[in-house]
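What follows is the content of protein.pdb, which has PDB, C-alpha atoms and all ligand atoms:
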ATOM      1  CA  MET A   1       0.000   0.000   0.000
ATOM      2  CA  THR A   2       2.289   2.705  -1.225
ATOM      3  CA  LEU A   3       1.574   6.213  -2.381
ATOM      4  CA  LEU A   4       3.897   7.022  -5.245
ATOM      5  CA  LEU A   5       4.465  10.383  -6.878
ATOM      6  CA  GLU A   6       6.629  10.248  -9.980
ATOM      7  CA  ASN A   7       7.976  13.431 -11.525
ATOM      8  CA  VAL A   8       4.873  15.374 -10.612
ATOM      9  CA  THR A   9       4.708  18.938 -11.891
ATOM     10  CA  LYS A  10       2.037  21.625 -11.579
ATOM     11  CA  ARG A  11       2.122  24.840 -13.508
ATOM     12  CA  PHE A  12      -0.208  27.784 -13.037
ATOM     13  CA  GLY A  13       0.358  29.740 -16.246
ATOM     14  CA  GLU A  14       4.005  30.761 -16.237
ATOM     15  CA  HIS A  15       4.481  29.797 -12.605
ATOM     16  CA  THR A  16       5.673  26.302 -11.691
ATOM     17  CA  ALA A  17       4.265  25.574  -8.225
ATOM     18  CA  VAL A  18       5.479  21.952  -8.047
ATOM     19  CA  ASN A  19       8.504  20.985 -10.074
ATOM     20  CA  ASN A  20       9.299  17.360 -10.911
ATOM     21  CA  LEU A  21       8.525  15.975  -7.475
ATOM     22  CA  SER A  22       8.972  12.257  -6.748
ATOM     23  CA  LEU A  23       7.978  10.723  -3.408
ATOM     24  CA  GLU A  24       7.279   7.273  -2.032
ATOM     25  CA  ILE A  25       5.172   6.898   1.077
ATOM     26  CA  PRO A  26       4.814   3.317   2.296
ATOM     27  CA  GLU A  27       2.134   1.829   4.537
ATOM     28  CA  ARG A  28       2.052   2.997   8.165
ATOM     29  CA  GLU A  29       4.427   5.776   7.350
ATOM     30  CA  MET A  30       4.325   9.178   8.998
ATOM     31  CA  PHE A  31       5.722  11.482   6.377
ATOM     32  CA  GLY A  32       6.562  15.130   7.004
ATOM     33  CA  PHE A  33       6.096  17.572   4.176
ATOM     34  CA  LEU A  34       7.845  20.858   4.818
ATOM     35  CA  GLY A  35       8.553  24.066   3.030
ATOM     36  CA  GLY A  36       8.213  27.799   3.429
ATOM     37  CA  ASN A  37       5.050  29.675   2.500
ATOM     38  CA  GLY A  38       4.202  29.086  -1.122
ATOM     39  CA  ALA A  39       6.634  26.157  -1.512
ATOM     40  CA  GLY A  40       3.959  23.957  -3.087
ATOM     41  CA  LYS A  41       2.735  21.734  -0.253
ATOM     42  CA  THR A  42      -0.995  22.392  -0.539
ATOM     43  CA  THR A  43      -0.792  22.192  -4.332
ATOM     44  CA  THR A  44       0.819  18.748  -4.000
ATOM     45  CA  PHE A  45      -1.890  17.637  -1.574
ATOM     46  CA  ARG A  46      -4.607  18.842  -3.898
ATOM     47  CA  MET A  47      -3.109  16.840  -6.750
ATOM     48  CA  ILE A  48      -2.914  13.696  -4.584
ATOM     49  CA  LEU A  49      -6.570  14.260  -3.694
ATOM     50  CA  GLY A  50      -7.592  14.683  -7.318
ATOM     51  CA  LEU A  51      -8.817  18.252  -6.665
ATOM     52  CA  LEU A  52      -6.262  19.667  -9.092
ATOM     53  CA  ASP A  53      -5.021  18.248 -12.379
ATOM     54  CA  LYS A  54      -1.298  17.592 -12.722
ATOM     55  CA  SER A  55       0.612  19.302 -15.525
ATOM     56  CA  ALA A  56       2.908  16.256 -15.734
ATOM     57  CA  GLY A  57       3.851  13.084 -13.846
ATOM     58  CA  GLU A  58       2.044  10.190 -12.206
ATOM     59  CA  ILE A  59       0.368   9.617  -8.858
ATOM     60  CA  SER A  60      -0.521   6.069  -7.856
ATOM     61  CA  TRP A  61      -1.723   4.143  -4.846
ATOM     62  CA  ASN A  62      -0.572   0.553  -4.648
ATOM     63  CA  GLY A  63       0.571   0.676  -8.259
ATOM     64  CA  GLU A  64      -2.756   1.934  -9.583
ATOM     65  CA  GLN A  65      -4.208   5.311 -10.407
ATOM     66  CA  ILE A  66      -6.684   6.471  -7.797
ATOM     67  CA  ASN A  67     -10.313   6.424  -8.916
ATOM     68  CA  TYR A  68     -11.545   9.542  -7.144
ATOM     69  CA  GLU A  69     -15.182   8.928  -8.024
ATOM     70  CA  LYS A  70     -15.333   5.599  -6.250
ATOM     71  CA  SER A  71     -12.442   5.518  -3.865
ATOM     72  CA  ASN A  72     -12.693   6.205  -0.152
ATOM     73  CA  ILE A  73      -9.084   5.534   0.669
ATOM     74  CA  ILE A  74      -8.144   9.149   1.437
ATOM     75  CA  GLY A  75      -8.963  11.371   4.395
ATOM     76  CA  TYR A  76      -8.096  15.070   4.272
ATOM     77  CA  LEU A  77      -7.758  17.831   6.806
ATOM     78  CA  PRO A  78      -7.506  20.992   4.704
ATOM     79  CA  GLU A  79      -5.563  24.053   5.748
ATOM     80  CA  GLU A  80      -8.627  26.243   5.370
ATOM     81  CA  ARG A  81     -11.065  24.481   7.615
ATOM     82  CA  GLY A  82     -14.299  23.730   5.831
ATOM     83  CA  LEU A  83     -17.160  22.875   8.159
ATOM     84  CA  TYR A  84     -20.670  24.275   7.822
ATOM     85  CA  PRO A  85     -21.103  26.679  10.751
ATOM     86  CA  LYS A  86     -24.865  26.311  11.047
ATOM     87  CA  LEU A  87     -24.934  22.522  11.125
ATOM     88  CA  LYS A  88     -24.771  20.529  14.313
ATOM     89  CA  VAL A  89     -21.638  18.418  14.740
ATOM     90  CA  LYS A  90     -23.656  15.222  14.450
ATOM     91  CA  GLU A  91     -25.456  16.350  11.264
ATOM     92  CA  GLN A  92     -22.187  17.492   9.775
ATOM     93  CA  ILE A  93     -20.310  14.251  10.377
ATOM     94  CA  ILE A  94     -23.246  12.083   9.324
ATOM     95  CA  TYR A  95     -23.437  14.032   6.069
ATOM     96  CA  LEU A  96     -19.723  13.612   5.375
ATOM     97  CA  GLY A  97     -19.679   9.971   6.447
ATOM     98  CA  ARG A  98     -22.629   9.151   4.158
ATOM     99  CA  LEU A  99     -20.767  10.745   1.250
ATOM    100  CA  ARG A 100     -18.063   8.187   1.924
ATOM    101  CA  GLY A 101     -20.487   5.308   1.849
ATOM    102  CA  MET A 102     -20.883   4.725   5.587
ATOM    103  CA  LYS A 103     -24.104   3.747   7.358
ATOM    104  CA  LYS A 104     -25.633   6.257   9.759
ATOM    105  CA  GLN A 105     -25.333   3.963  12.789
ATOM    106  CA  GLU A 106     -21.704   3.252  12.117
ATOM    107  CA  ILE A 107     -20.996   6.977  11.727
ATOM    108  CA  VAL A 108     -22.699   7.867  15.009
ATOM    109  CA  SER A 109     -20.908   5.163  16.947
ATOM    110  CA  GLU A 110     -17.502   6.218  15.530
ATOM    111  CA  LEU A 111     -18.318   9.861  16.261
ATOM    112  CA  GLU A 112     -19.233   9.023  19.856
ATOM    113  CA  LYS A 113     -15.896   7.271  20.306
ATOM    114  CA  TRP A 114     -13.962  10.207  18.919
ATOM    115  CA  LEU A 115     -15.837  12.838  20.951
ATOM    116  CA  GLU A 116     -15.209  10.784  24.109
ATOM    117  CA  ARG A 117     -11.575  10.528  23.230
ATOM    118  CA  PHE A 118     -11.288  14.289  22.697
ATOM    119  CA  LYS A 119     -13.146  14.795  25.978
ATOM    120  CA  VAL A 120     -16.013  16.701  24.347
ATOM    121  CA  PRO A 121     -18.986  14.270  24.232
ATOM    122  CA  GLU A 122     -21.358  17.209  24.763
ATOM    123  CA  TYR A 123     -20.535  18.597  21.310
ATOM    124  CA  MET A 124     -22.623  15.986  19.521
ATOM    125  CA  ASP A 125     -25.632  18.327  19.290
ATOM    126  CA  LYS A 126     -23.843  21.663  19.212
ATOM    127  CA  LYS A 127     -23.653  23.812  16.143
ATOM    128  CA  VAL A 128     -20.150  24.099  14.674
ATOM    129  CA  GLU A 129     -20.258  27.900  15.026
ATOM    130  CA  GLU A 130     -20.726  27.539  18.779
ATOM    131  CA  LEU A 131     -17.341  25.828  19.145
ATOM    132  CA  SER A 132     -13.974  27.502  19.585
ATOM    133  CA  LYS A 133     -11.544  27.331  16.658
ATOM    134  CA  GLY A 134      -9.464  24.653  18.344
ATOM    135  CA  ASN A 135     -12.514  22.521  18.995
ATOM    136  CA  GLN A 136     -13.755  23.004  15.441
ATOM    137  CA  GLN A 137     -10.408  21.606  14.369
ATOM    138  CA  LYS A 138     -11.011  18.459  16.390
ATOM    139  CA  ILE A 139     -14.335  18.024  14.583
ATOM    140  CA  GLN A 140     -12.627  18.604  11.258
ATOM    141  CA  PHE A 141     -10.062  15.953  12.172
ATOM    142  CA  ILE A 142     -12.861  13.526  13.034
ATOM    143  CA  SER A 143     -14.443  14.212   9.648
ATOM    144  CA  ALA A 144     -11.123  13.290   7.996
ATOM    145  CA  VAL A 145     -10.750   9.956   9.796
ATOM    146  CA  ILE A 146     -14.347   8.818  10.402
ATOM    147  CA  HIS A 147     -14.245   6.419   7.425
ATOM    148  CA  LYS A 148     -10.864   4.922   8.465
ATOM    149  CA  PRO A 149      -8.921   6.031   5.410
ATOM    150  CA  LYS A 150      -5.828   4.185   4.208
ATOM    151  CA  LEU A 151      -4.113   7.470   3.489
ATOM    152  CA  LEU A 152      -4.544  10.555   5.641
ATOM    153  CA  ILE A 153      -3.418  13.979   4.506
ATOM    154  CA  LEU A 154      -3.161  16.633   7.184
ATOM    155  CA  ASP A 155      -2.410  20.204   6.120
ATOM    156  CA  GLU A 156      -1.066  22.074   9.155
ATOM    157  CA  PRO A 157      -3.020  19.941  11.645
ATOM    158  CA  PHE A 158      -1.619  21.551  14.784
ATOM    159  CA  SER A 159      -1.869  25.212  13.868
ATOM    160  CA  GLY A 160      -4.021  27.231  16.218
ATOM    161  CA  LEU A 161      -4.228  24.558  18.909
ATOM    162  CA  ASP A 162      -3.204  25.078  22.519
ATOM    163  CA  PRO A 163      -0.482  22.750  23.913
ATOM    164  CA  VAL A 164      -2.967  20.382  25.587
ATOM    165  CA  ASN A 165      -4.942  19.971  22.372
ATOM    166  CA  VAL A 166      -1.751  19.589  20.329
ATOM    167  CA  GLU A 167      -0.783  16.616  22.505
ATOM    168  CA  MET A 168      -4.273  15.151  22.277
ATOM    169  CA  LEU A 169      -4.293  15.406  18.501
ATOM    170  CA  LYS A 170      -0.745  14.069  18.190
ATOM    171  CA  GLU A 171      -1.703  10.973  20.128
ATOM    172  CA  ALA A 172      -4.773  10.510  17.961
ATOM    173  CA  VAL A 173      -2.676  10.861  14.796
ATOM    174  CA  LEU A 174      -0.161   8.298  16.085
ATOM    175  CA  ASP A 175      -2.975   5.857  16.878
ATOM    176  CA  VAL A 176      -4.445   6.285  13.411
ATOM    177  CA  LYS A 177      -0.997   5.487  12.032
ATOM    178  CA  GLU A 178      -0.697   2.400  14.265
ATOM    179  CA  SER A 179      -3.997   1.145  12.911
ATOM    180  CA  GLY A 180      -2.338   0.922   9.483
ATOM    181  CA  THR A 181      -2.977   4.318   7.871
ATOM    182  CA  SER A 182      -0.216   6.140   5.991
ATOM    183  CA  ILE A 183      -0.072   9.776   6.993
ATOM    184  CA  VAL A 184       1.378  12.782   5.235
ATOM    185  CA  PHE A 185       1.365  16.025   7.124
ATOM    186  CA  SER A 186       2.655  19.495   6.549
ATOM    187  CA  SER A 187       3.768  21.786   9.290
ATOM    188  CA  HIS A 188       5.738  24.933   9.849
ATOM    189  CA  GLN A 189       6.544  23.730  13.341
ATOM    190  CA  MET A 190       9.725  21.719  13.021
ATOM    191  CA  ASP A 191       9.535  20.237  16.503
ATOM    192  CA  HIS A 192       6.288  18.467  15.637
ATOM    193  CA  VAL A 193       7.789  16.964  12.521
ATOM    194  CA  GLU A 194      10.947  16.015  14.379
ATOM    195  CA  GLU A 195       8.954  14.240  17.019
ATOM    196  CA  MET A 196       6.581  12.372  14.739
ATOM    197  CA  CYS A 197       8.086  11.658  11.333
ATOM    198  CA  GLU A 198      10.466   8.974  10.148
ATOM    199  CA  HIS A 199      10.766  10.381   6.648
ATOM    200  CA  LEU A 200      10.375  13.839   5.272
ATOM    201  CA  CYS A 201      10.748  16.103   2.314
ATOM    202  CA  ILE A 202      11.566  19.811   2.379
ATOM    203  CA  LEU A 203      10.248  21.666  -0.635
ATOM    204  CA  GLN A 204      11.607  24.927  -1.881
ATOM    205  CA  LYS A 205       9.891  26.688  -4.752
ATOM    206  CA  GLY A 206       8.246  23.412  -5.705
ATOM    207  CA  LYS A 207      11.450  21.347  -5.691
ATOM    208  CA  PRO A 208      12.643  18.942  -3.020
ATOM    209  CA  VAL A 209      15.865  20.222  -1.437
ATOM    210  CA  VAL A 210      16.092  17.638   1.348
ATOM    211  CA  GLN A 211      14.472  14.223   1.246
ATOM    212  CA  GLY A 212      14.789  10.947   3.109
ATOM    213  CA  ALA A 213      14.928   9.435   6.572
ATOM    214  CA  LEU A 214      15.108  12.022   9.342
ATOM    215  CA  ARG A 215      17.967  10.206  11.114
ATOM    216  CA  LYS A 216      20.043   9.955   7.964
ATOM    217  CA  ILE A 217      19.373  13.574   7.079
ATOM    218  CA  LYS A 218      20.605  14.647  10.489
ATOM    219  CA  ARG A 219      23.699  12.475  10.301
ATOM    220  CA  SER A 220      24.643  13.613   6.835
ATOM    221  CA  PHE A 221      24.148  17.276   7.721
ATOM    222  CA  GLY A 222      27.553  17.031   9.433
ATOM    223  CA  LYS A 223      27.369  20.168  11.487
ATOM    224  CA  LYS A 224      26.582  19.786  15.137
ATOM    225  CA  ASN A 225      25.371  22.012  17.900
ATOM    226  CA  LEU A 226      27.384  22.593  21.010
ATOM    227  CA  VAL A 227      25.804  24.060  24.100
ATOM    228  CA  VAL A 228      28.136  25.611  26.648
ATOM    229  CA  HIS A 229      27.101  27.132  29.947
ATOM    230  CA  ALA A 230      29.811  28.837  31.953
ATOM    231  CA  ASP A 231      30.326  31.570  34.519
ATOM    232  CA  GLU A 232      32.850  33.403  32.372
ATOM    233  CA  SER A 233      32.116  35.238  29.138
ATOM    234  CA  LEU A 234      32.120  32.983  26.099
ATOM    235  CA  GLU A 235      32.099  35.787  23.544
ATOM    236  CA  PHE A 236      35.552  34.743  22.305
ATOM    237  CA  LEU A 237      33.971  31.626  20.784
ATOM    238  CA  LYS A 238      32.260  33.819  18.172
ATOM    239  CA  GLU A 239      35.544  34.007  16.286
ATOM    240  CA  PHE A 240      36.757  30.504  17.130
ATOM    241  CA  PRO A 241      37.898  28.482  14.056
ATOM    242  CA  GLY A 242      35.251  25.955  13.045
ATOM    243  CA  VAL A 243      32.375  27.831  14.711
ATOM    244  CA  VAL A 244      29.776  28.555  12.036
ATOM    245  CA  ASN A 245      27.181  30.195  14.196
ATOM    246  CA  TYR A 246      27.116  31.692  17.673
ATOM    247  CA  LYS A 247      23.925  32.297  19.591
ATOM    248  CA  LYS A 248      23.836  33.767  23.058
ATOM    249  CA  VAL A 249      21.480  31.896  25.378
ATOM    250  CA  MET A 250      20.700  32.172  29.047
ATOM    251  CA  ASP A 251      23.853  31.215  30.994
ATOM    252  CA  GLY A 252      26.049  30.697  27.959
ATOM    253  CA  CYS A 253      25.896  30.050  24.256
ATOM    254  CA  LYS A 254      24.736  27.643  21.591
ATOM    255  CA  LEU A 255      27.211  27.111  18.801
ATOM    256  CA  GLN A 256      26.959  25.472  15.461
ATOM    257  CA  ILE A 257      30.272  23.825  14.679
ATOM    258  CA  GLU A 258      31.613  22.451  11.432
ATOM    259  CA  GLU A 259      32.474  19.025  12.799
ATOM    260  CA  GLU A 260      32.710  17.136  16.049
ATOM    261  CA  ALA A 261      36.480  17.632  16.352
ATOM    262  CA  VAL A 262      35.956  21.372  16.856
ATOM    263  CA  SER A 263      34.271  20.613  20.199
ATOM    264  CA  GLN A 264      37.535  19.096  21.497
ATOM    265  CA  GLU A 265      39.446  22.223  20.544
ATOM    266  CA  ILE A 266      36.837  24.374  22.249
ATOM    267  CA  LEU A 267      37.038  22.225  25.374
ATOM    268  CA  GLN A 268      40.789  22.757  25.489
ATOM    269  CA  ALA A 269      40.399  26.481  24.973
ATOM    270  CA  LEU A 270      37.957  26.599  27.899
ATOM    271  CA  GLN A 271      40.479  25.074  30.318
ATOM    272  CA  GLY A 272      41.316  27.528  33.039
ATOM    273  CA  LYS A 273      38.489  29.886  32.090
ATOM    274  CA  GLY A 274      36.381  29.213  35.144
ATOM    275  CA  PHE A 275      33.638  26.740  35.943
ATOM    276  CA  ILE A 276      31.912  25.036  32.993
ATOM    277  CA  ARG A 277      28.413  24.012  33.991
ATOM    278  CA  LYS A 278      27.352  22.456  30.740
ATOM    279  CA  PHE A 279      29.209  21.207  27.711
ATOM    280  CA  GLU A 280      26.956  19.212  25.454
ATOM    281  CA  LEU A 281      27.180  18.145  21.853
ATOM    282  CA  GLU A 282      23.793  17.860  20.158
ATOM    283  CA  GLU A 283      22.519  16.584  16.835
ATOM    284  CA  PRO A 284      21.475  19.398  14.522
ATOM    285  CA  SER A 285      17.805  20.166  14.887
ATOM    286  CA  LEU A 286      15.437  20.012  11.943
ATOM    287  CA  ASN A 287      15.088  23.741  12.407
ATOM    288  CA  ASP A 288      18.840  24.194  11.792
ATOM    289  CA  ILE A 289      18.610  22.052   8.664
ATOM    290  CA  PHE A 290      15.516  23.857   7.394
ATOM    291  CA  ILE A 291      17.074  27.267   7.940
ATOM    292  CA  GLU A 292      20.264  26.313   6.160
ATOM    293  CA  LYS A 293      18.558  24.671   3.190
ATOM    294  CA  VAL A 294      15.619  27.013   2.776
ATOM    295  CA  GLY A 295      16.466  30.042   4.867
ATOM    296  CA  ALA A 296      18.880  31.717   2.489
ATOM    297  CA  SER A 297      16.174  32.341  -0.066
ATOM    298  CA  TYR A 298      13.213  32.268   2.276
ATOM    299  CA  GLU A 299      10.428  34.567   1.125
TER
HETATM  300  N1  LIG A 301      -5.033  28.159  -8.042
HETATM  301  C1  LIG A 301      -3.857  28.789  -8.159
HETATM  302  N2  LIG A 301      -3.601  29.632  -9.156
HETATM  303  C2  LIG A 301      -2.401  30.248  -9.308
HETATM  304  N3  LIG A 301      -1.350  30.063  -8.464
HETATM  305  C3  LIG A 301      -1.539  29.226  -7.434
HETATM  306  C4  LIG A 301      -2.790  28.535  -7.219
HETATM  307  N4  LIG A 301      -2.653  27.757  -6.111
HETATM  308  C5  LIG A 301      -1.402  27.956  -5.656
HETATM  309  N5  LIG A 301      -0.729  28.825  -6.442
HETATM  310  C6  LIG A 301       0.674  29.265  -6.282
HETATM  311  O1  LIG A 301       1.481  28.100  -6.173
HETATM  312  C7  LIG A 301       2.500  28.277  -5.209
HETATM  313  C8  LIG A 301       2.419  27.169  -4.172
HETATM  314  O2  LIG A 301       1.301  27.385  -3.327
HETATM  315  P1  LIG A 301       0.878  26.361  -2.178
HETATM  316  O3  LIG A 301      -0.416  26.852  -1.616
HETATM  317  O4  LIG A 301       0.918  24.975  -2.706
HETATM  318  O5  LIG A 301       2.051  26.560  -1.134
HETATM  319  P2  LIG A 301       2.199  25.994   0.348
HETATM  320  O6  LIG A 301       3.540  25.322   0.404
HETATM  321  O7  LIG A 301       1.033  25.155   0.717
HETATM  322  O8  LIG A 301       2.234  27.325   1.207
HETATM  323  P3  LIG A 301       1.734  27.679   2.710
HETATM  324  O9  LIG A 301       2.727  27.067   3.635
HETATM  325  O10 LIG A 301       1.788  29.167   2.718
HETATM  326  O11 LIG A 301       0.347  27.129   2.869
HETATM  327  C9  LIG A 301       2.312  29.686  -4.652
HETATM  328  O12 LIG A 301       3.216  30.549  -5.339
HETATM  329  C10 LIG A 301       0.874  30.017  -4.980
HETATM  330  O13 LIG A 301       0.709  31.400  -5.146
END
Give the structure from this file in structure tokens form.
Ligand SMILES: Nc1ncnc2c1ncn2[C@@H]1O[C@H](COP(=O)(O)OP(=O)(O)OP(=O)(O)O)[C@@H](O)[C@H]1O
Amino acid sequence: MTLLLENVTKRFGEHTAVNNLSLEIPEREMFGFLGGNGAGKTTTFRMILGLLDKSAGEISWNGEQINYEKSNIIGYLPEERGLYPKLKVKEQIIYLGRLRGMKKQEIVSELEKWLERFKVPEYMDKKVEELSKGNQQKIQFISAVIHKPKLLILDEPFSGLDPVNVEMLKEAVLDVKESGTSIVFSSHQMDHVEEMCEHLCILQKGKPVVQGALRKIKRSFGKKNLVVHADESLEFLKEFPGVVNYKKVMDGCKLQIEEEAVSQEILQALQGKGFIRKFELEEPSLNDIFIEKVGASYE
């Protein structure tokens, strides 16, 4: 059960929004799709969903083209939330579930389970417009997963949620994945992607600039972060050979260094300069990688 995109391109007139993109997303995968504003993420999603025609390339599920008229394999949480404000939650979800070929009873029992899980059983008979934005998002999520899709596409699922609801939704997303669904999600929040995804793709102006397994991407990035906390001033490290970036933090500094060996030289240079409270080498964060790969020409 693999989603395959082969050399997919989308042009809007003169503008190429997605440029020769190839991706493979296997079963039970949690795939992170990143990129700055306007990089082409939503356009890619809309092509996968059959809402937009491709200019070139192929999209297949399990080796076959998706029949959008008949198929119920996909669930979608759009970036612009699209619920009907005047409808009650129950009416709304029943309507959407029926469109996907479900029976009313089955829909209601699934909805009950989800509302319990999100700790809002009382929303069943509330109108969508009576709910806060965050709670509307939970309902929108339920509408995307009610039919147990094989592939779930989440466009910025955590935006606008408070930390408690982010955790609740993350757990729900992970459970949906465990039940066998492949998930692709976009986010501007690197920590969420870092925490949840095994594989990812960073798009820039429609082209992938980083792609693959998160662990491998981090390893091959080379540069590391070094956090030093000390009583003495560490300003001299700004000019230290092999230090690519210096950031002052509370109690010390966070450095980006060219390679691990530089940390040894820094350690030696710190000898005799007072008490060192922290000296820790860290993997580069996804944020560091994103900023280096996309940041230079970030619009
Ligand atoms: N229907 C359209 N007609 C013309 N241009 C479009 C259309 N839809 C998208 N674009 C352009 O395609 C590019 C990619 O847009 P897209 O919405 O896919 O980006 P995105 O990565 O989802 O951005 P964001 O993170 O801001 O949501 C943008 O330059 C956008 O202006």
Open item on the list: Could you list, as JSON, numbers by chain, all protein and nucleic acid residues with an atom at most 6 Å from ligand LIG 301 (chain A), counting only C-alpha atoms and all ligand atoms?
Closed with: {"A": [12, 17, 35, 36, 37, 38, 39, 40, 41, 42, 43]}
Task: range 138-146 of chain A surroundings by all atoms listed in the file, 8 Å radius, close-in-sequence under 4 positions cut, as a PyMOL selection string - done: chain A and resi 75-77+81-83+89+93+96-97+107+110-111+114+118+134+152+169
Open item on the list: Calculated over all atoms listed in the file, which of the candidates A:Met102, A:Cys253, A:Val262, A:Ile276 has the smallest distance to Asp231 in chain A?
Closed with: A:Ile276
Open item on the list: Assuming the chain letters and numbering stay as they are in my file, what does the PyMOL selection byres (((chain A and resi 222) around 12) and not hetatm) actually select? List them as a list of chain:residue names.
Closed with: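 With the shown file as input, the PyMOL selection byres (((chain A and resi 222) around 12) and not hetatm) matches A:Arg215, A:Lys216, A:Ile217, A:Lys218, A:Arg219, A:Ser220, A:Phe221, A:Lys223, A:Lys224, A:Asn225, A:Gln256, A:Ile257, A:Glu258, A:Glu259, A:Glu260, A:Ala261, A:Glu282, A:Glu283, A:Pro284, A:Ser285, A:Asp288, A:Ile289.
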TODO: Name the closest residue to Gln189 in chain A among the candidates A:Ala230, A:Val166, A:Leu49, A:Val108; distances are taken between atoms, counting all atoms listed in the file.
DONE: A:Val166
Task: For range 2-5 of chain A: contacts at 10 Å, only C-alpha atoms, fewer than 5 positions along chain excluded, given as a list in words - done: Asn20, Leu21, Ser22, Leu23, Glu24, Ile25, Pro26, Glu27, Arg28, Glu29, Thr44, Met47, Ile48, Gly57, Glu58, Ile59, Ser60, Trp61, Asn62, Gly63, Glu64, Gln65, Ile66, Lys150, Leu151 and Ser182 of chain A
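The gap separating CA of Gln137 in chain A from CA of Arg117 in chain A is 14.2 Å, in Å to one decimal.
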Open item on the list: As an exercise, work out the distance from CA of Ile202 in chain A to CA of Met30 in chain A in Å and give it to one decimal place.
Closed with: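 Distance between the two atoms: 14.5 Å.
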Task: Among the residues A:Val176, A:Met1, A:Ala269, A:Leu131, the one that comes closest to Pro241 in chain A [using all atoms listed in the file] - done: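 When distances to Pro241 in chain A are compared using all atoms listed in the file, the smallest one comes from A:Ala269.
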Subset file as an mmCIF file, in the first residue's frame: range 150-167 of chain A, N, CA and C atoms:
data_model
loop_
_atom_site.group_PDB
_atom_site.id
_atom_site.type_symbol
_atom_site.label_atom_id
_atom_site.label_comp_id
_atom_site.auth_asym_id
_atom_site.auth_seq_id
_atom_site.Cartn_x
_atom_site.Cartn_y
_atom_site.Cartn_z
ATOM 1 N N LYS A 150 -7.138 4.866 4.296
ATOM 2 C CA LYS A 150 -5.828 4.185 4.208
ATOM 3 C C LYS A 150 -4.717 5.223 4.138
ATOM 4 N N LEU A 151 -5.092 6.388 3.623
ATOM 5 C CA LEU A 151 -4.113 7.470 3.489
ATOM 6 C C LEU A 151 -4.734 8.735 4.075
ATOM 7 N N LEU A 152 -4.009 9.362 4.990
ATOM 8 C CA LEU A 152 -4.544 10.555 5.641
ATOM 9 C C LEU A 152 -3.618 11.729 5.356
ATOM 10 N N ILE A 153 -4.208 12.793 4.829
ATOM 11 C CA ILE A 153 -3.418 13.979 4.506
ATOM 12 C C ILE A 153 -3.829 15.108 5.447
ATOM 13 N N LEU A 154 -2.871 15.606 6.180
ATOM 14 C CA LEU A 154 -3.161 16.633 7.184
ATOM 15 C C LEU A 154 -2.360 17.889 6.844
ATOM 16 N N ASP A 155 -3.080 18.946 6.487
ATOM 17 C CA ASP A 155 -2.410 20.204 6.120
ATOM 18 C C ASP A 155 -2.390 21.088 7.361
ATOM 19 N N GLU A 156 -1.234 21.257 7.946
ATOM 20 C CA GLU A 156 -1.066 22.074 9.155
ATOM 21 C C GLU A 156 -2.027 21.664 10.273
ATOM 22 N N PRO A 157 -1.997 20.394 10.686
ATOM 23 C CA PRO A 157 -3.020 19.941 11.645
ATOM 24 C C PRO A 157 -2.943 20.593 13.019
ATOM 25 N N PHE A 158 -1.761 21.066 13.406
ATOM 26 C CA PHE A 158 -1.619 21.551 14.784
ATOM 27 C C PHE A 158 -1.688 23.069 14.904
ATOM 28 N N SER A 159 -1.883 23.752 13.778
ATOM 29 C CA SER A 159 -1.869 25.212 13.868
ATOM 30 C C SER A 159 -3.108 25.697 14.620
ATOM 31 N N GLY A 160 -2.899 26.641 15.483
ATOM 32 C CA GLY A 160 -4.021 27.231 16.218
ATOM 33 C C GLY A 160 -4.483 26.434 17.418
ATOM 34 N N LEU A 161 -3.809 25.340 17.746
ATOM 35 C CA LEU A 161 -4.228 24.558 18.909
ATOM 36 C C LEU A 161 -3.373 24.899 20.130
ATOM 37 N N ASP A 162 -4.000 24.845 21.308
ATOM 38 C CA ASP A 162 -3.204 25.078 22.519
ATOM 39 C C ASP A 162 -2.404 23.806 22.826
ATOM 40 N N PRO A 163 -1.385 23.890 23.702
ATOM 41 C CA PRO A 163 -0.482 22.750 23.913
ATOM 42 C C PRO A 163 -1.197 21.466 24.343
ATOM 43 N N VAL A 164 -2.257 21.585 25.136
ATOM 44 C CA VAL A 164 -2.967 20.382 25.587
ATOM 45 C C VAL A 164 -3.639 19.709 24.383
ATOM 46 N N ASN A 165 -4.276 20.532 23.544
ATOM 47 C CA ASN A 165 -4.942 19.971 22.372
ATOM 48 C C ASN A 165 -3.951 19.455 21.330
ATOM 49 N N VAL A 166 -2.782 20.096 21.247
ATOM 50 C CA VAL A 166 -1.751 19.589 20.329
ATOM 51 C C VAL A 166 -1.389 18.163 20.738
ATOM 52 N N GLU A 167 -1.157 17.950 22.024
ATOM 53 C CA GLU A 167 -0.783 16.616 22.505
ATOM 54 C C GLU A 167 -1.897 15.602 22.243
#
